[in-house]
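To start, the structure under review is shown below, and the notes come after it.
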Amino acid sequence: MESMEEKGSVIQEFYRDANIFITGCTGFMGKVLMEKLLRSCPYINKIYVLVRRKKGKDMHTRLEDIFNEPLFMKLKQEQPKFCHKVTAVSGDCIEPGLGLSPSDRQLLAEEVDVVFHCAATVRFDEKLRIAVGINVRGTESVLQLAREMRRLKVIIHVSTAYCNCPLPEIEEKFYDLPLSHKKVTNIVDNMDDNMLDKITPDFLGNWPNTYAYTKAVSEDLVREQGVGMPIGVFRPAIVLATRTEPLWGWIDNVYGPTGVFIGAGIGLMRTLHCDLKKVANLVPVDMTINALIVSAWDVAKKPRAESCDDIPIYNYVSSVQKPLTWEEFMEKTSRFGFSVPPAQAVWYYSFTLNKYYFIHLLYVLFLHFLPAVLIDGVAMLFGKQTNLVKIYKKIHRFNSVISYFATREWKFTNDNVQALWKKVDAKDRRLFDFDIDGLDWEEYFFRYVRGIRVYLMKDDLSTVPVGIKKNKRLRWAHQVVKTLVLLLLLRIIWAIFNFIFL
């Protein structure tokens with residue numbers, strides 16, 4: 001670790017003595033961003049984080065819980081006193097003015113140099129009113145606050161690569177929407193919940209869910225209100241576990257492909273409506289955060305936007321340089337998964353990606369719901385409760401959400417990101433590696449499946465022998481059940497044949 005007196009790299013020097021404001025610090029990307037800034041930019045003065053009360057925990061307790069996660073172990077070893085650099089401010093993106101107290105607002109306005117707006121509701125099926133409140137109005141509140149910041153150098157709005165998903169090609173630019181952000185918020189404000197719920201499908205149009213739609217609307221807001229500000233938009237693709245730092249394979253959520261892997265791995269999920277040949281646009285979270293941190297440096301060097309065309313946008317995707325199909329994703333994760341099967345698996349792995357929706361529905365009927373009804377019925381007879389039908393209803397809703405992205409493909413451009421990598425010198429390339437060309441998918445997924453097992457499933461690698469033994473037993477049970485079902489089908493066919501012809 002370099003001493004405070006030594007000169008750091010170009011990126012480190014940009015963040016020297018900086019006061020940073022982060023929204024969404026309790027989310028997946030927000031945690032990794034906070035940890036990376038503290039560990040790799042030791043000259044930072046202060047990080048202010050917006051935290052709301054949740055489940056009876058105040059902001060200090062929630063922040064302490066975050067610091068106790070494995071993600072922060074390395075930071076604690078290298079900088080035991082890092083906590084004094086982090087200050088929590090109470091607030092909520094869905095509230096007017098972020099719910100900040102006058103004193104906290106004044107503090108941020110006077111002190112902050114850099115803003116990372118990462119907060120968003122990532123629930124794809126969120127109510128439209130809530131999604132607009134957090135993703136659109138929250139962004140507006142952040143921009144309003146940023147205009148009051150006397151020392152502001154840069155603000156980065158974290159969007160998503162899929163906010164313009166109705167389009168087949170997505171460049172690093174803004175796109176027009178059927179309704180402006182002003183019209184959207186006006187309609188939401190003047191309609192009751194029942195009516196709003198009814199018109200939501202028509203409201204979304206070609207967008208698959210309220211998350212993607214409201215992120216597109218928030219970009220429309222940035223396009224209009226960001227003019228005159230040192231602002232940029234960062235669009236990551238599907239963000240997965242860390243590749244290498246601060247520890248490999250760390251992840252804390254089951255969104256997207258990770259949920260598919262877990263569901264299939266424990267033997268519950270049997271089918272996904274997915275086109276094997278479509279590209280799965282996946283990016284490791286640590287590389288994503290490195291690109292985010294460097295993009296802020298890049299935007300700060302540019303003149304303030306005189307028009308919306310001057311606002312830089314960064315598509316952080318893997319499909320341009322290292323395309324990976326869903327077939328390759330499932331092959332690698334299943335292969336590496338078989339070497340470390342989970343000890344808490346309930347059945348043997350038997351998972352199929354079905355391109356055709358009708359075939360997928362047949363799988364759902366015969367491999368999800370009928371067995372669930374049978375098992376729940378038997379359990380009920382013995383006075384027990386399994387709730388498998390309820391579980392499979394949740395899995396089916398999850399299936400419906402991810403299938404949109406697993407059956408389509410987009411042509412992205414990422415010229416700004418590739419140009420950004422060329423601007424970074426050798427030292428910062430080592431400190432903030434975000435070069436997709438250097439990503440080894442084989443090595444990554446080897447670590448990814450182990451990270452899921454350890455950090456999400458809380459199944460330490462010491463239990464691998466137990467998992468392997470259980471997997472063998474489940475495999476035999478699986479083969480026996482398949483044989484019995486086949487014999488039953490043959491018996492039914494024979495009975496029908498006899499009835500008709502004999």
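Every chain in the structure tokens takes a letter, A first, then B, and so on in the order presented; its residues are numbered from 1, and the ligands are numbered from 1 following the presented order.
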Wanna dump the stretch 157-230 of chain A-stretch 301-307 of chain A contacts at 12 Å for me, each residue with its shortest atom pair and the distance in Å to one decimal, counting only C-alpha atoms, ordered by chain and number, as a tab-separated table?
residue	atom	partner	partner_atom	distance
A:Phe174	CA	A:Ser307	CA	11.7
A:Val222	CA	A:Ser307	CA	11.2
A:Arg223	CA	A:Ser307	CA	8.4
A:Glu224	CA	A:Ser307	CA	8.5
A:Gln225	CA	A:Ser307	CA	10.0
A:Gly226	CA	A:Ala305	CA	7.4
A:Val227	CA	A:Ala305	CA	5.1
A:Gly228	CA	A:Ala305	CA	5.0
A:Met229	CA	A:Arg304	CA	5.4
A:Pro230	CA	A:Arg304	CA	4.8
Would you mind writing down, as a compact mmCIF listing (two decimals) with all heavy atoms, in the first residue's frame, each residue of stretch 76-276 of chain A that DSSP on the backbone assigns to strand (DSSP E or B)?
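Result file is part_3.txt:
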# COMPACT_ATOMS: atom_id res chain seq x y z
N VAL A 86 -16.40 6.73 5.76
CA VAL A 86 -17.76 6.54 5.25
C VAL A 86 -18.76 7.18 6.20
O VAL A 86 -18.77 6.88 7.39
CB VAL A 86 -18.08 5.04 5.08
CG1 VAL A 86 -19.49 4.87 4.49
CG2 VAL A 86 -17.05 4.36 4.19
N THR A 87 -19.60 8.04 5.64
CA THR A 87 -20.64 8.70 6.43
C THR A 87 -22.00 8.40 5.82
O THR A 87 -22.23 8.66 4.64
CB THR A 87 -20.43 10.22 6.48
OG1 THR A 87 -19.19 10.51 7.11
CG2 THR A 87 -21.56 10.91 7.24
N ALA A 88 -22.89 7.82 6.62
CA ALA A 88 -24.24 7.53 6.14
C ALA A 88 -25.14 8.73 6.35
O ALA A 88 -25.09 9.40 7.39
CB ALA A 88 -24.80 6.32 6.89
N VAL A 89 -25.96 9.02 5.34
CA VAL A 89 -26.98 10.06 5.47
C VAL A 89 -28.33 9.39 5.24
O VAL A 89 -28.51 8.59 4.32
CB VAL A 89 -26.77 11.22 4.48
CG1 VAL A 89 -25.54 12.02 4.85
CG2 VAL A 89 -26.65 10.71 3.05
N SER A 90 -29.27 9.71 6.09
CA SER A 90 -30.58 9.08 6.01
C SER A 90 -31.40 9.66 4.87
O SER A 90 -31.49 10.88 4.70
CB SER A 90 -31.34 9.28 7.34
OG SER A 90 -32.61 8.68 7.29
N VAL A 114 -17.94 14.26 -6.38
CA VAL A 114 -18.28 13.20 -7.35
C VAL A 114 -19.56 12.50 -6.89
O VAL A 114 -19.71 12.17 -5.71
CB VAL A 114 -17.14 12.17 -7.45
CG1 VAL A 114 -17.52 11.04 -8.42
CG2 VAL A 114 -15.84 12.83 -7.88
N VAL A 115 -20.47 12.28 -7.84
CA VAL A 115 -21.73 11.59 -7.53
C VAL A 115 -21.87 10.35 -8.40
O VAL A 115 -21.71 10.41 -9.62
CB VAL A 115 -22.95 12.51 -7.77
CG1 VAL A 115 -24.25 11.75 -7.53
CG2 VAL A 115 -22.87 13.75 -6.90
N PHE A 116 -22.16 9.22 -7.76
CA PHE A 116 -22.52 7.99 -8.46
C PHE A 116 -23.97 7.66 -8.10
O PHE A 116 -24.25 7.30 -6.95
CB PHE A 116 -21.61 6.82 -8.05
CG PHE A 116 -20.20 6.93 -8.54
CD1 PHE A 116 -19.18 7.33 -7.67
CD2 PHE A 116 -19.88 6.64 -9.85
CE1 PHE A 116 -17.88 7.42 -8.10
CE2 PHE A 116 -18.56 6.73 -10.30
CZ PHE A 116 -17.56 7.13 -9.43
N HIS A 117 -24.86 7.81 -9.07
CA HIS A 117 -26.27 7.51 -8.81
C HIS A 117 -26.56 6.08 -9.25
O HIS A 117 -26.85 5.81 -10.43
CB HIS A 117 -27.16 8.50 -9.56
CG HIS A 117 -28.62 8.22 -9.39
ND1 HIS A 117 -29.19 7.86 -8.19
CD2 HIS A 117 -29.65 8.24 -10.30
CE1 HIS A 117 -30.48 7.67 -8.34
NE2 HIS A 117 -30.79 7.89 -9.61
N VAL A 154 -18.18 15.76 -11.31
CA VAL A 154 -18.82 14.81 -12.22
C VAL A 154 -19.95 14.09 -11.51
O VAL A 154 -19.92 13.88 -10.30
CB VAL A 154 -17.78 13.78 -12.73
CG1 VAL A 154 -17.17 12.99 -11.58
CG2 VAL A 154 -18.41 12.82 -13.75
N ILE A 155 -20.96 13.72 -12.30
CA ILE A 155 -22.04 12.87 -11.82
C ILE A 155 -22.28 11.78 -12.87
O ILE A 155 -22.38 12.07 -14.07
CB ILE A 155 -23.35 13.66 -11.55
CG1 ILE A 155 -24.49 12.70 -11.23
CG2 ILE A 155 -23.70 14.57 -12.70
CD1 ILE A 155 -25.77 13.39 -10.79
N ILE A 156 -22.31 10.53 -12.41
CA ILE A 156 -22.55 9.41 -13.31
C ILE A 156 -23.89 8.77 -12.96
O ILE A 156 -24.12 8.36 -11.82
CB ILE A 156 -21.44 8.34 -13.21
CG1 ILE A 156 -20.09 8.94 -13.61
CG2 ILE A 156 -21.78 7.14 -14.10
CD1 ILE A 156 -19.97 9.32 -15.07
N HIS A 157 -24.75 8.71 -13.96
CA HIS A 157 -26.05 8.05 -13.81
C HIS A 157 -25.91 6.62 -14.29
O HIS A 157 -25.60 6.36 -15.46
CB HIS A 157 -27.11 8.77 -14.63
CG HIS A 157 -28.40 8.04 -14.74
ND1 HIS A 157 -29.24 7.83 -13.66
CD2 HIS A 157 -29.01 7.42 -15.80
CE1 HIS A 157 -30.30 7.15 -14.05
NE2 HIS A 157 -30.19 6.88 -15.33
N VAL A 158 -26.11 5.65 -13.39
CA VAL A 158 -26.01 4.24 -13.76
C VAL A 158 -27.36 3.77 -14.30
O VAL A 158 -28.36 3.74 -13.57
CB VAL A 158 -25.58 3.37 -12.56
CG1 VAL A 158 -25.51 1.91 -12.96
CG2 VAL A 158 -24.22 3.84 -12.03
N GLU A 169 -30.74 -2.74 -32.34
CA GLU A 169 -29.38 -2.24 -32.26
C GLU A 169 -29.33 -1.08 -31.26
O GLU A 169 -30.16 -0.17 -31.32
CB GLU A 169 -28.89 -1.76 -33.62
CG GLU A 169 -28.82 -2.88 -34.66
CD GLU A 169 -28.22 -2.42 -35.99
OE1 GLU A 169 -27.63 -1.30 -36.01
OE2 GLU A 169 -28.35 -3.15 -36.98
N ILE A 170 -28.36 -1.13 -30.36
CA ILE A 170 -28.28 -0.13 -29.30
C ILE A 170 -26.88 0.49 -29.28
O ILE A 170 -25.90 -0.18 -28.95
CB ILE A 170 -28.61 -0.75 -27.92
CG1 ILE A 170 -30.02 -1.36 -27.95
CG2 ILE A 170 -28.49 0.30 -26.82
CD1 ILE A 170 -30.38 -2.14 -26.71
N ILE A 231 -21.94 15.46 -16.63
CA ILE A 231 -22.68 14.22 -16.41
C ILE A 231 -22.42 13.19 -17.49
O ILE A 231 -22.14 13.54 -18.65
CB ILE A 231 -24.20 14.52 -16.31
CG1 ILE A 231 -24.97 13.31 -15.79
CG2 ILE A 231 -24.75 15.00 -17.64
CD1 ILE A 231 -26.41 13.61 -15.42
N GLY A 232 -22.48 11.92 -17.12
CA GLY A 232 -22.36 10.82 -18.06
C GLY A 232 -23.32 9.72 -17.68
O GLY A 232 -23.82 9.66 -16.55
N VAL A 233 -23.61 8.83 -18.63
CA VAL A 233 -24.51 7.70 -18.41
C VAL A 233 -23.73 6.41 -18.60
O VAL A 233 -23.03 6.24 -19.61
CB VAL A 233 -25.71 7.74 -19.37
CG1 VAL A 233 -26.58 6.50 -19.20
CG2 VAL A 233 -26.52 9.01 -19.16
N PHE A 234 -23.84 5.52 -17.63
CA PHE A 234 -23.13 4.24 -17.66
C PHE A 234 -24.16 3.12 -17.75
O PHE A 234 -25.03 3.00 -16.89
CB PHE A 234 -22.29 4.09 -16.40
CG PHE A 234 -21.40 2.87 -16.40
CD1 PHE A 234 -20.19 2.87 -17.08
CD2 PHE A 234 -21.78 1.72 -15.71
CE1 PHE A 234 -19.38 1.75 -17.09
CE2 PHE A 234 -20.97 0.60 -15.71
CZ PHE A 234 -19.76 0.61 -16.39
N ARG A 235 -24.06 2.30 -18.81
CA ARG A 235 -25.04 1.24 -19.05
C ARG A 235 -24.38 -0.15 -18.98
O ARG A 235 -23.83 -0.64 -19.97
CB ARG A 235 -25.65 1.39 -20.44
CG ARG A 235 -26.50 2.60 -20.68
CD ARG A 235 -26.92 2.58 -22.14
NE ARG A 235 -27.75 3.69 -22.55
CZ ARG A 235 -27.89 4.07 -23.82
NH1 ARG A 235 -27.24 3.41 -24.77
NH2 ARG A 235 -28.66 5.10 -24.13
N PRO A 236 -24.47 -0.82 -17.85
CA PRO A 236 -23.93 -2.19 -17.79
C PRO A 236 -24.92 -3.20 -18.33
O PRO A 236 -26.14 -2.99 -18.29
CB PRO A 236 -23.71 -2.39 -16.28
CG PRO A 236 -24.75 -1.52 -15.64
CD PRO A 236 -24.92 -0.32 -16.55
N ILE A 238 -25.87 -7.54 -18.15
CA ILE A 238 -26.29 -8.38 -17.02
C ILE A 238 -25.10 -8.60 -16.12
O ILE A 238 -24.12 -9.23 -16.52
CB ILE A 238 -26.86 -9.71 -17.52
CG1 ILE A 238 -28.06 -9.47 -18.44
CG2 ILE A 238 -27.26 -10.60 -16.34
CD1 ILE A 238 -28.56 -10.72 -19.15
N VAL A 239 -25.17 -8.07 -14.91
CA VAL A 239 -24.00 -8.07 -14.01
C VAL A 239 -24.02 -9.30 -13.11
O VAL A 239 -25.00 -9.56 -12.40
CB VAL A 239 -23.99 -6.78 -13.15
CG1 VAL A 239 -22.73 -6.74 -12.30
CG2 VAL A 239 -24.08 -5.54 -14.05
N LEU A 240 -22.92 -10.06 -13.15
CA LEU A 240 -22.78 -11.27 -12.36
C LEU A 240 -21.70 -11.11 -11.29
O LEU A 240 -21.22 -10.01 -11.05
CB LEU A 240 -22.45 -12.46 -13.26
CG LEU A 240 -23.49 -12.82 -14.34
CD1 LEU A 240 -23.05 -14.09 -15.06
CD2 LEU A 240 -24.87 -13.00 -13.76
N THR A 271 -36.71 -26.40 -16.66
CA THR A 271 -36.83 -25.86 -18.01
C THR A 271 -36.75 -24.34 -17.99
O THR A 271 -37.13 -23.70 -17.00
CB THR A 271 -38.16 -26.29 -18.67
OG1 THR A 271 -38.29 -25.67 -19.96
CG2 THR A 271 -39.35 -25.88 -17.81
N LEU A 272 -36.24 -23.78 -19.07
CA LEU A 272 -36.24 -22.33 -19.28
C LEU A 272 -36.53 -22.07 -20.74
O LEU A 272 -35.95 -22.72 -21.63
CB LEU A 272 -34.88 -21.73 -18.89
CG LEU A 272 -34.73 -20.22 -19.17
CD1 LEU A 272 -35.63 -19.43 -18.23
CD2 LEU A 272 -33.27 -19.78 -19.00
N HIS A 273 -37.43 -21.13 -21.00
CA HIS A 273 -37.70 -20.72 -22.37
C HIS A 273 -36.51 -19.87 -22.82
O HIS A 273 -36.36 -18.72 -22.41
CB HIS A 273 -39.00 -19.91 -22.43
CG HIS A 273 -39.37 -19.47 -23.80
ND1 HIS A 273 -39.99 -18.27 -24.05
CD2 HIS A 273 -39.20 -20.07 -25.01
CE1 HIS A 273 -40.19 -18.15 -25.34
NE2 HIS A 273 -39.72 -19.22 -25.94
Which neighbours of A:Phe446 fall inside 9 Å, counting only C-alpha atoms, when residues of the same chain fewer than 3 positions from it are skipped, and could you give them as a JSON list (two decimals) with N, CA and C atoms, in the first residue's frame?
[["chain", "number", "residue", "atom", "x", "y", "z"],
["A", 249, "GLY", "N", -15.64, -14.67, -7.29],
["A", 249, "GLY", "CA", -16.92, -15.36, -7.20],
["A", 249, "GLY", "C", -17.92, -14.78, -6.22],
["A", 332, "LYS", "N", -20.90, -24.49, -19.41],
["A", 332, "LYS", "CA", -19.81, -24.23, -18.46],
["A", 332, "LYS", "C", -20.30, -24.30, -17.02],
["A", 333, "THR", "N", -21.42, -23.68, -16.73],
["A", 333, "THR", "CA", -21.89, -23.68, -15.34],
["A", 333, "THR", "C", -22.30, -25.07, -14.88],
["A", 335, "ARG", "N", -21.13, -27.97, -16.09],
["A", 335, "ARG", "CA", -19.92, -28.79, -15.99],
["A", 335, "ARG", "C", -19.16, -28.50, -14.71],
["A", 336, "PHE", "N", -18.97, -27.23, -14.42],
["A", 336, "PHE", "CA", -18.27, -26.88, -13.18],
["A", 336, "PHE", "C", -19.14, -27.14, -11.95],
["A", 337, "GLY", "N", -20.46, -27.03, -12.13],
["A", 337, "GLY", "CA", -21.36, -27.30, -11.03],
["A", 337, "GLY", "C", -21.34, -28.76, -10.60],
["A", 441, "TRP", "N", -13.61, -16.73, -20.04],
["A", 441, "TRP", "CA", -14.90, -17.24, -19.58],
["A", 441, "TRP", "C", -14.75, -18.57, -18.85],
["A", 442, "GLU", "N", -13.82, -19.41, -19.31],
["A", 442, "GLU", "CA", -13.63, -20.72, -18.66],
["A", 442, "GLU", "C", -13.20, -20.53, -17.21],
["A", 443, "GLU", "N", -12.21, -19.71, -16.99],
["A", 443, "GLU", "CA", -11.74, -19.43, -15.64],
["A", 443, "GLU", "C", -12.82, -18.73, -14.83],
["A", 449, "VAL", "N", -19.34, -20.54, -10.18],
["A", 449, "VAL", "CA", -20.18, -21.57, -9.56],
["A", 449, "VAL", "C", -19.76, -21.84, -8.12],
["A", 450, "ARG", "N", -18.47, -21.72, -7.83],
["A", 450, "ARG", "CA", -18.00, -21.90, -6.46],
["A", 450, "ARG", "C", -18.39, -20.72, -5.58],
["A", 451, "GLY", "N", -18.36, -19.54, -6.16],
["A", 451, "GLY", "CA", -18.78, -18.36, -5.42],
["A", 451, "GLY", "C", -20.25, -18.43, -5.04]]
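The shortest atom-to-atom distance to A:Leu108, with only C-alpha atoms taken into account, belongs to A:Asn19 out of A:Asn19, A:Gln77, A:Thr61, A:Thr200.
Residue neighbourhood of A:Tyr211, excluding near-sequence residues (fewer than 5 positions): Ala120, Thr121, Val122, Arg123, Phe124, Asp125, Glu126, Leu128, Ala131, Val132, Asn135, Cys163 and Ala216 of chain A, at 9 Å, using only C-alpha atoms.
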Quick one: write out the picked residues with C-alpha atoms as a compact mmCIF listing (two decimals), in the first residue's frame?
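Below is the file that was written, result-v9.txt:
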# COMPACT_ATOMS: atom_id res chain seq x y z
CA ALA A 120 -32.89 1.84 -8.51
CA THR A 121 -35.57 -0.70 -7.89
CA VAL A 122 -34.39 -3.77 -9.77
CA ARG A 123 -37.61 -5.73 -9.33
CA PHE A 124 -38.77 -6.35 -12.88
CA ASP A 125 -42.41 -6.73 -11.80
CA GLU A 126 -42.47 -3.66 -9.57
CA LEU A 128 -45.35 1.23 -12.13
CA ALA A 131 -40.76 2.11 -10.29
CA VAL A 132 -41.38 5.66 -11.55
CA ASN A 135 -36.06 5.22 -10.94
CA CYS A 163 -33.28 0.28 -21.22
CA ALA A 216 -35.40 4.39 -20.26
Practice item. May I have the residues within 9 Å of stretch 424-427 of chain A as a ChimeraX atom specification, using only C-alpha atoms and disregarding those fewer than 3 positions away in the same chain? Key: /A:9-11,294,420-421,430-432
Review point. Which residues come within 12 Å of A:Ile251, counting only C-alpha atoms, excluding same-chain residues fewer than 6 positions away, as number ranges by chain?
Key: A: 27-29, 31-32, 69-71, 239-245, 258-259, 284-286, 447-458
Output N, CA and C atoms of each residue in that selection to a file, as a compact mmCIF listing (two decimals), in the first residue's frame.
# COMPACT_ATOMS: atom_id res chain seq x y z
N GLY A 27 -27.06 -1.83 -2.46
CA GLY A 27 -27.31 -2.77 -3.55
C GLY A 27 -26.03 -3.48 -3.97
N PHE A 28 -26.18 -4.43 -4.87
CA PHE A 28 -25.06 -5.26 -5.33
C PHE A 28 -23.91 -4.43 -5.88
N MET A 29 -24.19 -3.61 -6.89
CA MET A 29 -23.14 -2.80 -7.50
C MET A 29 -22.65 -1.72 -6.55
N LYS A 31 -22.34 -1.75 -3.28
CA LYS A 31 -21.39 -2.29 -2.31
C LYS A 31 -20.01 -2.46 -2.92
N VAL A 32 -19.97 -3.03 -4.13
CA VAL A 32 -18.69 -3.26 -4.79
C VAL A 32 -18.02 -1.93 -5.13
N GLU A 69 -19.81 -8.11 5.70
CA GLU A 69 -19.89 -9.10 4.63
C GLU A 69 -18.50 -9.50 4.16
N PRO A 70 -18.35 -10.70 3.59
CA PRO A 70 -17.03 -11.16 3.11
C PRO A 70 -16.40 -10.21 2.10
N LEU A 71 -17.21 -9.47 1.38
CA LEU A 71 -16.71 -8.52 0.38
C LEU A 71 -15.70 -7.55 0.98
N VAL A 239 -25.17 -8.07 -14.91
CA VAL A 239 -24.00 -8.07 -14.01
C VAL A 239 -24.02 -9.30 -13.11
N LEU A 240 -22.92 -10.06 -13.15
CA LEU A 240 -22.78 -11.27 -12.36
C LEU A 240 -21.70 -11.11 -11.29
N ALA A 241 -21.28 -12.20 -10.70
CA ALA A 241 -20.32 -12.20 -9.59
C ALA A 241 -18.97 -11.62 -9.98
N THR A 242 -18.15 -11.33 -8.97
CA THR A 242 -16.81 -10.80 -9.20
C THR A 242 -15.95 -11.81 -9.94
N ARG A 243 -15.02 -11.29 -10.72
CA ARG A 243 -14.05 -12.15 -11.39
C ARG A 243 -12.86 -12.43 -10.47
N THR A 244 -12.25 -11.34 -9.93
CA THR A 244 -11.04 -11.54 -9.13
C THR A 244 -11.01 -10.75 -7.83
N GLU A 245 -11.64 -9.56 -7.81
CA GLU A 245 -11.43 -8.72 -6.63
C GLU A 245 -12.73 -8.18 -6.04
N THR A 258 -28.08 -16.19 -12.46
CA THR A 258 -27.68 -16.80 -11.20
C THR A 258 -28.85 -17.57 -10.59
N GLY A 259 -30.05 -17.00 -10.67
CA GLY A 259 -31.23 -17.70 -10.17
C GLY A 259 -31.50 -18.97 -10.95
N PRO A 284 -18.76 -9.34 -15.36
CA PRO A 284 -18.43 -9.46 -13.94
C PRO A 284 -18.57 -8.11 -13.23
N VAL A 285 -19.06 -8.13 -12.01
CA VAL A 285 -19.34 -6.88 -11.31
C VAL A 285 -18.07 -6.09 -11.00
N ASP A 286 -16.95 -6.74 -10.68
CA ASP A 286 -15.74 -5.99 -10.35
C ASP A 286 -15.19 -5.26 -11.57
N ARG A 447 -14.89 -20.12 -11.19
CA ARG A 447 -14.98 -19.38 -9.94
C ARG A 447 -16.43 -19.00 -9.61
N TYR A 448 -17.17 -18.69 -10.64
CA TYR A 448 -18.56 -18.23 -10.46
C TYR A 448 -19.40 -19.28 -9.73
N VAL A 449 -19.34 -20.54 -10.18
CA VAL A 449 -20.18 -21.57 -9.56
C VAL A 449 -19.76 -21.84 -8.12
N ARG A 450 -18.47 -21.72 -7.83
CA ARG A 450 -18.00 -21.90 -6.46
C ARG A 450 -18.39 -20.72 -5.58
N GLY A 451 -18.36 -19.54 -6.16
CA GLY A 451 -18.78 -18.36 -5.42
C GLY A 451 -20.25 -18.43 -5.04
N ILE A 452 -21.08 -18.89 -5.97
CA ILE A 452 -22.51 -19.04 -5.68
C ILE A 452 -22.71 -20.02 -4.54
N ARG A 453 -22.00 -21.13 -4.59
CA ARG A 453 -22.13 -22.15 -3.56
C ARG A 453 -21.76 -21.61 -2.18
N VAL A 454 -20.66 -20.86 -2.13
CA VAL A 454 -20.15 -20.37 -0.85
C VAL A 454 -20.92 -19.16 -0.34
N TYR A 455 -21.12 -18.15 -1.20
CA TYR A 455 -21.64 -16.86 -0.73
C TYR A 455 -23.16 -16.74 -0.78
N LEU A 456 -23.79 -17.45 -1.72
CA LEU A 456 -25.25 -17.37 -1.81
C LEU A 456 -25.92 -18.55 -1.10
N MET A 457 -25.41 -19.75 -1.36
CA MET A 457 -26.03 -20.94 -0.79
C MET A 457 -25.49 -21.26 0.60
N LYS A 458 -24.46 -20.51 1.02
CA LYS A 458 -23.85 -20.70 2.33
C LYS A 458 -23.43 -22.17 2.53
Check your understanding: Distance atom CA of A:Leu292-atom CA of A:Cys118, one decimal place?
Key ->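 So the two atoms, atom CA of A:Leu292 and atom CA of A:Cys118, lie 10.4 Å apart.
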Review point. Mind pulling up the distance from atom CA of A:Asp92 to atom CA of A:Met59?
Key: 10.9 Å
Practice item. Apply DSSP to the backbone of this structure and, from stretch 39-215 of chain A, keep only the residues in alpha helix (DSSP H); write these as a PyMOL selection string. Key: chain A and resi 39-40+59-67+73-78+102-111+128-131+138-148+181-189+193-204+210-215
